[in-house]
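Coordinates from work.txt are shown below (compact mmCIF, C-alpha atoms).
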```
# COMPACT_ATOMS: atom_id res chain seq x y z
CA THR A 1 -26.27 -18.47 19.05
CA ASP A 2 -24.14 -17.77 22.11
CA TYR A 3 -20.48 -17.29 21.20
CA THR A 4 -19.14 -17.91 24.70
CA GLU A 5 -15.57 -17.32 25.82
CA SER A 6 -15.08 -21.01 26.63
CA VAL A 7 -16.31 -22.20 23.22
CA MET A 8 -14.16 -19.75 21.26
CA HIS A 9 -11.12 -20.43 23.40
CA ALA A 10 -11.48 -24.16 22.71
CA LEU A 11 -11.69 -23.54 18.95
CA GLY A 12 -9.02 -20.89 18.82
CA ASP A 13 -6.00 -23.08 18.16
CA SER A 14 -7.38 -24.48 14.91
CA LEU A 15 -10.20 -22.29 13.54
CA THR A 16 -9.29 -20.45 10.33
CA ASP A 17 -12.76 -19.83 8.82
CA LEU A 18 -15.78 -18.53 10.77
CA ARG A 19 -19.26 -17.58 9.54
CA ILE A 20 -21.68 -16.01 11.99
CA GLY A 21 -24.62 -13.63 12.14
CA ASN A 22 -28.39 -13.35 12.34
CA GLU A 23 -30.93 -10.63 13.09
CA TYR A 24 -30.98 -11.60 16.77
CA LEU A 25 -27.27 -11.02 17.36
CA THR A 26 -27.52 -7.94 19.59
CA SER A 27 -23.80 -7.29 20.04
CA TRP A 28 -20.48 -8.08 18.43
CA PRO A 29 -19.07 -11.27 20.06
CA THR A 30 -16.06 -10.13 22.11
CA SER A 31 -15.07 -13.78 22.42
CA LEU A 32 -13.71 -13.69 18.85
CA HIS A 33 -10.38 -12.46 20.18
CA HIS A 34 -9.65 -16.09 21.11
CA LEU A 35 -9.09 -16.92 17.41
CA PRO A 36 -5.41 -16.06 16.76
CA ILE A 37 -5.11 -17.79 13.36
CA LEU A 38 -8.46 -16.76 11.86
CA ASN A 39 -8.09 -16.24 8.11
CA LYS A 40 -11.68 -15.72 6.95
CA LEU A 41 -14.61 -14.08 8.73
CA ALA A 42 -18.13 -13.70 7.33
CA VAL A 43 -20.87 -11.88 9.23
CA ASP A 44 -24.34 -12.12 7.68
CA GLY A 45 -26.77 -10.07 9.73
CA LEU A 46 -26.79 -8.30 13.08
CA SER A 47 -29.63 -7.00 15.21
CA ARG A 48 -31.13 -3.71 14.05
CA PHE A 49 -29.97 -2.26 17.35
CA VAL A 50 -26.30 -2.74 16.41
CA ARG A 51 -25.37 0.50 14.64
CA ASP A 52 -21.60 0.42 15.12
CA ILE A 53 -18.78 -1.96 15.99
CA SER A 54 -15.94 -1.28 18.40
CA ALA A 55 -12.51 -0.45 16.98
CA GLU A 56 -11.19 -3.45 18.94
CA SER A 57 -13.61 -5.94 17.36
CA PHE A 58 -10.90 -7.68 15.33
CA HIS A 59 -8.36 -7.86 18.13
CA GLY A 60 -6.63 -11.23 18.25
CA PHE A 61 -6.53 -11.89 14.51
CA GLU A 62 -5.52 -8.50 13.13
CA THR A 63 -2.41 -9.93 11.46
CA THR A 64 -3.93 -13.17 10.14
CA LEU A 65 -7.31 -12.17 8.66
CA GLN A 66 -7.24 -12.02 4.85
CA TYR A 67 -10.95 -12.21 3.98
CA LEU A 68 -13.76 -10.22 5.62
CA ASN A 69 -17.42 -10.15 4.62
CA ILE A 70 -19.95 -8.05 6.56
CA LYS A 71 -23.43 -7.82 5.04
CA ASN A 72 -27.11 -7.26 5.80
CA THR A 73 -26.58 -5.11 8.88
CA HIS A 74 -27.86 -1.79 10.21
CA LEU A 75 -24.37 -0.37 10.65
CA LEU A 76 -23.99 3.33 9.94
CA ALA A 77 -20.35 3.22 8.86
CA VAL A 78 -17.50 0.94 7.88
CA PRO A 79 -16.02 -0.24 11.23
CA LEU A 80 -12.83 1.58 12.26
CA GLY A 81 -11.26 -1.70 13.34
CA ILE A 82 -10.89 -2.78 9.70
CA SER A 83 -8.01 -0.31 9.38
CA LYS A 84 -5.94 -2.58 11.64
CA LEU A 85 -6.26 -5.61 9.35
CA LYS A 86 -2.88 -5.14 7.72
CA HIS A 87 -2.91 -8.33 5.63
CA LEU A 88 -6.51 -8.13 4.41
CA LYS A 89 -6.84 -9.18 0.76
CA GLU A 90 -10.63 -9.10 0.31
CA LEU A 91 -13.19 -6.82 1.91
CA HIS A 92 -16.88 -7.28 1.13
CA PHE A 93 -19.13 -4.75 2.87
CA ASP A 94 -22.44 -5.28 1.13
CA GLN A 95 -26.15 -4.62 1.60
CA ASN A 96 -25.59 -2.36 4.60
CA ARG A 97 -28.15 0.16 3.40
CA TYR A 98 -27.86 2.63 6.28
CA VAL A 99 -24.22 3.41 5.56
CA THR A 100 -24.55 5.99 2.73
CA ASP A 101 -21.63 8.06 1.43
CA ARG A 102 -20.86 9.57 4.82
CA GLY A 103 -20.29 6.13 6.33
CA ILE A 104 -17.43 5.18 4.00
CA LEU A 105 -14.79 6.60 6.33
CA ILE A 106 -11.28 6.90 4.93
CA GLN A 107 -9.80 6.10 8.34
CA SER A 108 -11.68 2.77 8.44
CA PHE A 109 -9.56 1.20 5.70
CA PRO A 110 -6.01 -0.22 5.72
CA LEU A 111 -4.61 2.76 3.83
CA LYS A 112 -1.77 2.19 1.38
CA SER A 113 -2.05 -1.55 1.95
CA PRO A 114 -0.03 -3.65 -0.52
CA TYR A 115 -2.45 -6.56 0.02
CA LEU A 116 -6.04 -5.33 -0.39
CA GLU A 117 -6.93 -6.33 -3.96
CA THR A 118 -10.70 -6.84 -3.78
CA LEU A 119 -13.34 -4.46 -2.44
CA SER A 120 -17.12 -4.57 -2.81
CA LEU A 121 -19.54 -1.94 -1.51
CA ASN A 122 -22.74 -3.27 -3.04
CA GLY A 123 -26.11 -1.99 -1.86
CA ASP A 124 -24.75 0.50 0.67
CA SER A 125 -26.91 3.47 -0.48
CA LEU A 126 -23.97 5.23 -2.12
CA THR A 127 -24.20 7.97 -4.74
CA GLN A 128 -20.53 8.26 -5.66
CA PHE A 129 -17.23 6.42 -5.65
CA PRO A 130 -15.68 6.87 -2.19
CA ARG A 131 -12.53 8.98 -1.92
CA VAL A 132 -10.77 6.19 -0.03
CA LEU A 133 -10.13 4.40 -3.33
CA ILE A 134 -7.16 6.61 -4.10
CA TYR A 135 -5.44 5.29 -0.95
CA LEU A 136 -5.73 1.62 -1.96
CA PRO A 137 -2.82 1.15 -4.39
CA ALA A 138 -3.17 -2.64 -4.71
CA LEU A 139 -6.88 -2.60 -5.61
CA LYS A 140 -7.65 -4.74 -8.66
CA ASN A 141 -11.30 -5.75 -8.25
CA PHE A 142 -13.96 -3.22 -7.30
CA SER A 143 -17.73 -3.71 -7.18
CA ILE A 144 -20.28 -1.05 -6.30
CA ASP A 145 -23.47 -2.73 -7.57
CA ASP A 146 -26.99 -1.81 -6.43
CA ASN A 147 -26.22 1.81 -5.58
CA ASN A 148 -27.85 4.88 -7.15
CA LEU A 149 -24.98 6.42 -9.12
CA ARG A 150 -27.17 8.31 -11.60
CA TYR A 151 -25.36 11.58 -10.93
CA LEU A 152 -21.91 10.03 -10.62
CA SER A 153 -19.16 12.59 -11.14
CA ASP A 154 -16.43 11.70 -13.60
CA LEU A 155 -13.98 13.14 -11.10
CA ASN A 156 -14.63 10.21 -8.75
CA VAL A 157 -13.94 7.59 -11.39
CA GLY A 158 -10.33 8.70 -11.74
CA ASP A 159 -9.50 7.21 -8.33
CA LEU A 160 -9.69 3.70 -9.82
CA ARG A 161 -6.53 3.77 -11.91
CA THR A 162 -5.21 0.41 -10.62
CA VAL A 163 -8.47 -1.53 -11.09
CA THR A 164 -8.70 -4.26 -13.74
CA ASN A 165 -12.17 -5.60 -12.87
CA LEU A 166 -15.00 -3.10 -12.35
CA THR A 167 -18.65 -3.95 -11.69
CA LEU A 168 -21.40 -1.31 -11.79
CA ARG A 169 -24.57 -3.40 -12.03
CA ASN A 170 -27.94 -1.82 -11.29
CA CYS A 171 -26.59 1.66 -10.54
CA SER A 172 -29.11 3.76 -12.55
CA LEU A 173 -26.33 4.99 -14.83
CA PRO A 174 -27.74 6.95 -17.82
CA ARG A 175 -24.45 6.75 -19.75
CA VAL A 176 -21.01 5.21 -19.77
CA PRO A 177 -18.93 7.44 -17.47
CA ALA A 178 -16.40 9.25 -19.66
CA ALA A 179 -13.67 8.98 -17.05
CA LEU A 180 -13.59 5.18 -17.37
CA SER A 181 -10.97 5.80 -20.03
CA GLU A 182 -8.61 6.81 -17.21
CA ILE A 183 -8.68 3.27 -15.81
CA ARG A 184 -5.89 2.31 -18.13
CA TYR A 185 -5.58 -1.40 -17.38
CA LEU A 186 -9.29 -2.23 -17.12
CA LYS A 187 -9.96 -5.75 -18.44
CA ASP A 188 -13.47 -6.55 -17.21
CA LEU A 189 -16.35 -4.07 -17.12
CA ASP A 190 -19.94 -4.90 -16.17
CA LEU A 191 -22.59 -2.19 -16.69
CA SER A 192 -25.62 -4.48 -16.69
CA LEU A 193 -29.05 -3.42 -15.43
CA ASN A 194 -28.52 0.32 -15.90
CA ASP A 195 -30.35 3.02 -17.89
CA ILE A 196 -27.83 3.30 -20.70
CA GLU A 197 -29.65 3.76 -24.02
CA THR A 198 -26.70 4.42 -26.31
CA ILE A 199 -22.96 3.81 -26.26
CA ASP A 200 -20.82 6.30 -28.14
CA GLU A 201 -17.91 5.05 -30.22
CA ASN A 202 -15.57 7.14 -28.08
CA ASP A 203 -16.78 5.77 -24.74
CA LEU A 204 -14.42 2.80 -24.69
CA GLN A 205 -11.79 3.61 -27.29
CA ASP A 206 -9.02 4.28 -24.75
CA LEU A 207 -9.57 1.00 -22.89
CA ARG A 208 -6.92 -0.91 -24.81
CA TYR A 209 -6.84 -3.89 -22.47
CA LEU A 210 -10.61 -4.41 -22.18
CA GLU A 211 -11.46 -8.10 -22.71
CA HIS A 212 -14.97 -8.49 -21.28
CA PHE A 213 -17.73 -5.87 -21.53
CA ILE A 214 -21.23 -6.70 -20.25
CA VAL A 215 -24.24 -4.41 -20.77
CA GLN A 216 -27.16 -6.84 -20.48
CA ASN A 217 -30.53 -5.21 -19.82
CA SER A 218 -29.07 -1.70 -19.74
```
Have the structure of the file written as structure tokens, please.
Amino acid sequence: TDYTESVMHALGDSLTDLRIGNEYLTSWPTSLHHLPILNKLAVDGLSRFVRDISAESFHGFETTLQYLNIKNTHLLAVPLGISKLKHLKELHFDQNRYVTDRGILIQSFPLKSPYLETLSLNGDSLTQFPRVLIYLPALKNFSIDDNNLRYLSDLNVGDLRTVTNLTLRNCSLPRVPAALSEIRYLKDLDLSLNDIETIDENDLQDLRYLEHFIVQNS
């Protein structure tokens, strides 16, 4: 698909929701800056030759975008331009398997944002909770499914103190992380599809607000 300047300019006055992407998209469409009221953007797939995205990629809708989903790419890091999305409420950066821990750059996020409540980093080849979490004070929903967290440090878990909904599906966890007790207001916890053989009576005793606990096929 060719996202030409003329097409995007014609749509710009009214378009609030855009979904693009495929494996043949060899560059980020610069024509997106013609969308000044864009509220939702979903990108599913980019060419394997696209390994990064310019810091100016979200120019034009930096103050209006509230939902961003980027998945199934060959990107090596979370794009720096996301840090400029000051009103972003949901960020889904999933199945970008070349990212790894080093690609979750603190400077790529809207730090101390009062709006960002939902973050998913599923299938990004991570081995730990990223340190950026401590700089996201409004975060309520966090998902890090499909990552190998077998050797997850309890020290990392403590950065999730504001989270109420935590999903750790298919993360090769051998046990319930002890530091989960520090997530004081946790209501929903999903540990399905892990390697947990036993759950100790003390594992969840401090989670006073826990309402839903899922451990299917763990």
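Excluding Asn141 (chain A) and any residue on its chain fewer than 2 positions from it, the residues at most 7 Å away by only C-alpha atoms are A:Glu117, A:Thr118, A:Leu119, A:Leu139, A:Ser143, A:Val163, A:Thr164, A:Asn165, A:Leu166.
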Å distance separating CA of Pro174 (chain A) from CA of Gln216 (chain A), one decimal place: 14.1 Å
Selected residue, from A:Leu80, A:Ala178, A:Ile20, A:Leu65, that lies nearest to Leu35 (chain A) when counting all atoms listed in the file: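 Of all the options, A:Leu65 lies closest to Leu35 (chain A).
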Selected residue, from A:Leu116, A:Leu41, A:Ile183, A:Ile196, that lies nearest to Ser83 (chain A) when counting all atoms listed in the file: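 That would be A:Leu116, the residue with the smallest distance to Ser83 (chain A).
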From A:Leu126, A:Leu111, A:Leu160, A:Val176, residue lying nearest Glu201 (chain A) [all atoms listed in the file]: A:Val176
For CA of Leu136 (chain A) and CA of Gly81 (chain A), the interatomic separation in Å (one decimal):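 We find that CA of Leu136 (chain A) and CA of Gly81 (chain A) lie 16.6 Å from each other.
Residues in contact range of region 84-95 of chain A, defined as at most 6 Å between all atoms listed in the file, with sequence neighbours fewer than 4 positions away removed, read Glu62, Leu65, Gln66, Tyr67, Leu68, Asn69, Ile70, Lys71, Asn72, Tyr115, Leu116, Glu117, Thr118, Leu119, Ser120, Leu121, Asn122, Gly123 and Asp124 of chain A.
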Spatial neighbours of region 21-27 of chain A, 6 Å, all atoms listed in the file, chain gap at least 4 places, as a PyMOL selection string: chain A and resi 43-47
Writing out the chosen residues with C-alpha atoms as a compact mmCIF listing (two decimals), in the coordinates of the input:
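The resulting file, part.txt, is shown below:
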```txt
# COMPACT_ATOMS: atom_id res chain seq x y z
CA VAL A 43 -20.87 -11.88 9.23
CA ASP A 44 -24.34 -12.12 7.68
CA GLY A 45 -26.77 -10.07 9.73
CA LEU A 46 -26.79 -8.30 13.08
CA SER A 47 -29.63 -7.00 15.21
```
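Comparing the minimum interatomic distances between His33 (chain A) and each of A:Ala179, A:Phe58, A:Ala10, A:Asp52, counting all atoms listed in the file, we find that A:Phe58 sits nearest.
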Spatial neighbours of Asp188 (chain A), 9 Å, only C-alpha atoms, chain gap at least 6 places, as a ChimeraX atom specification: /A:164-167,209-214
Around all the atoms of region 52-57 of chain A listed in the file, with 6 Å of room on each side, what axis-aligned box do you get, giving centre and edge lengths in Å to one decimal, as AutoDock Vina command-line options?
```
--center_x -16.4 --center_y -2.8 --center_z 17.0 --size_x 22.4 --size_y 18.4 --size_z 15.8
```
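Note that the spacing between CA of Arg175 (chain A) and CA of Thr127 (chain A) amounts to 15.1 Å.
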Long-range neighbours of Cys171 (chain A) as a ChimeraX atom specification, 8 Å cut-off, only C-alpha atoms, 3 positions minimum in chain: /A:145-150,168,193-194
Would you mind writing region 154-175 of chain A with N, CA and C atoms, as a PDB file, keeping the file's coordinate frame?
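File produced: result_22.pdb:
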```
ATOM      1  N   ASP A 154     -17.592  12.299 -12.948  1.00  0.00           N
ATOM      2  CA  ASP A 154     -16.430  11.700 -13.600  1.00  0.00           C
ATOM      3  C   ASP A 154     -15.166  11.891 -12.785  1.00  0.00           C
ATOM      4  N   LEU A 155     -15.164  12.887 -11.919  1.00  0.00           N
ATOM      5  CA  LEU A 155     -13.980  13.140 -11.100  1.00  0.00           C
ATOM      6  C   LEU A 155     -13.719  11.976 -10.151  1.00  0.00           C
ATOM      7  N   ASN A 156     -14.780  11.330  -9.670  1.00  0.00           N
ATOM      8  CA  ASN A 156     -14.630  10.210  -8.750  1.00  0.00           C
ATOM      9  C   ASN A 156     -14.047   8.987  -9.422  1.00  0.00           C
ATOM     10  N   VAL A 157     -14.352   8.791 -10.673  1.00  0.00           N
ATOM     11  CA  VAL A 157     -13.940   7.590 -11.390  1.00  0.00           C
ATOM     12  C   VAL A 157     -12.418   7.521 -11.513  1.00  0.00           C
ATOM     13  N   GLY A 158     -11.772   8.665 -11.568  1.00  0.00           N
ATOM     14  CA  GLY A 158     -10.330   8.700 -11.740  1.00  0.00           C
ATOM     15  C   GLY A 158      -9.543   8.077 -10.611  1.00  0.00           C
ATOM     16  N   ASP A 159     -10.187   7.816  -9.466  1.00  0.00           N
ATOM     17  CA  ASP A 159      -9.500   7.210  -8.330  1.00  0.00           C
ATOM     18  C   ASP A 159      -9.305   5.712  -8.487  1.00  0.00           C
ATOM     19  N   LEU A 160      -9.731   5.149  -9.609  1.00  0.00           N
ATOM     20  CA  LEU A 160      -9.690   3.700  -9.820  1.00  0.00           C
ATOM     21  C   LEU A 160      -8.598   3.274 -10.801  1.00  0.00           C
ATOM     22  N   ARG A 161      -7.533   4.000 -10.861  1.00  0.00           N
ATOM     23  CA  ARG A 161      -6.530   3.770 -11.910  1.00  0.00           C
ATOM     24  C   ARG A 161      -5.885   2.392 -11.868  1.00  0.00           C
ATOM     25  N   THR A 162      -5.862   1.728 -10.721  1.00  0.00           N
ATOM     26  CA  THR A 162      -5.210   0.410 -10.620  1.00  0.00           C
ATOM     27  C   THR A 162      -6.164  -0.748 -10.879  1.00  0.00           C
ATOM     28  N   VAL A 163      -7.459  -0.475 -10.986  1.00  0.00           N
ATOM     29  CA  VAL A 163      -8.470  -1.530 -11.090  1.00  0.00           C
ATOM     30  C   VAL A 163      -8.470  -2.187 -12.467  1.00  0.00           C
ATOM     31  N   THR A 164      -8.589  -3.517 -12.479  1.00  0.00           N
ATOM     32  CA  THR A 164      -8.700  -4.260 -13.740  1.00  0.00           C
ATOM     33  C   THR A 164     -10.086  -4.872 -13.913  1.00  0.00           C
ATOM     34  N   ASN A 165     -10.838  -5.003 -12.822  1.00  0.00           N
ATOM     35  CA  ASN A 165     -12.170  -5.600 -12.870  1.00  0.00           C
ATOM     36  C   ASN A 165     -13.140  -4.674 -12.152  1.00  0.00           C
ATOM     37  N   LEU A 166     -14.068  -4.074 -12.905  1.00  0.00           N
ATOM     38  CA  LEU A 166     -15.000  -3.100 -12.350  1.00  0.00           C
ATOM     39  C   LEU A 166     -16.440  -3.526 -12.622  1.00  0.00           C
ATOM     40  N   THR A 167     -17.253  -3.549 -11.568  1.00  0.00           N
ATOM     41  CA  THR A 167     -18.650  -3.950 -11.690  1.00  0.00           C
ATOM     42  C   THR A 167     -19.563  -2.833 -11.197  1.00  0.00           C
ATOM     43  N   LEU A 168     -20.455  -2.395 -12.085  1.00  0.00           N
ATOM     44  CA  LEU A 168     -21.400  -1.310 -11.790  1.00  0.00           C
ATOM     45  C   LEU A 168     -22.803  -1.757 -12.205  1.00  0.00           C
ATOM     46  N   ARG A 169     -23.259  -2.856 -11.685  1.00  0.00           N
ATOM     47  CA  ARG A 169     -24.570  -3.400 -12.030  1.00  0.00           C
ATOM     48  C   ARG A 169     -25.669  -2.679 -11.235  1.00  0.00           C
ATOM     49  N   ASN A 170     -26.762  -2.385 -11.936  1.00  0.00           N
ATOM     50  CA  ASN A 170     -27.940  -1.820 -11.290  1.00  0.00           C
ATOM     51  C   ASN A 170     -27.614  -0.548 -10.500  1.00  0.00           C
ATOM     52  N   CYS A 171     -27.002   0.403 -11.180  1.00  0.00           N
ATOM     53  CA  CYS A 171     -26.590   1.660 -10.540  1.00  0.00           C
ATOM     54  C   CYS A 171     -27.302   2.884 -11.129  1.00  0.00           C
ATOM     55  N   SER A 172     -28.332   2.662 -11.950  1.00  0.00           N
ATOM     56  CA  SER A 172     -29.110   3.760 -12.550  1.00  0.00           C
ATOM     57  C   SER A 172     -28.264   4.683 -13.417  1.00  0.00           C
ATOM     58  N   LEU A 173     -27.196   4.172 -13.980  1.00  0.00           N
ATOM     59  CA  LEU A 173     -26.330   4.990 -14.830  1.00  0.00           C
ATOM     60  C   LEU A 173     -27.028   5.310 -16.154  1.00  0.00           C
ATOM     61  N   PRO A 174     -27.103   6.585 -16.552  1.00  0.00           N
ATOM     62  CA  PRO A 174     -27.740   6.950 -17.820  1.00  0.00           C
ATOM     63  C   PRO A 174     -26.766   6.891 -18.998  1.00  0.00           C
ATOM     64  N   ARG A 175     -25.475   6.749 -18.706  1.00  0.00           N
ATOM     65  CA  ARG A 175     -24.450   6.750 -19.750  1.00  0.00           C
ATOM     66  C   ARG A 175     -23.210   6.015 -19.255  1.00  0.00           C
TER      67      ARG A 175
END
```
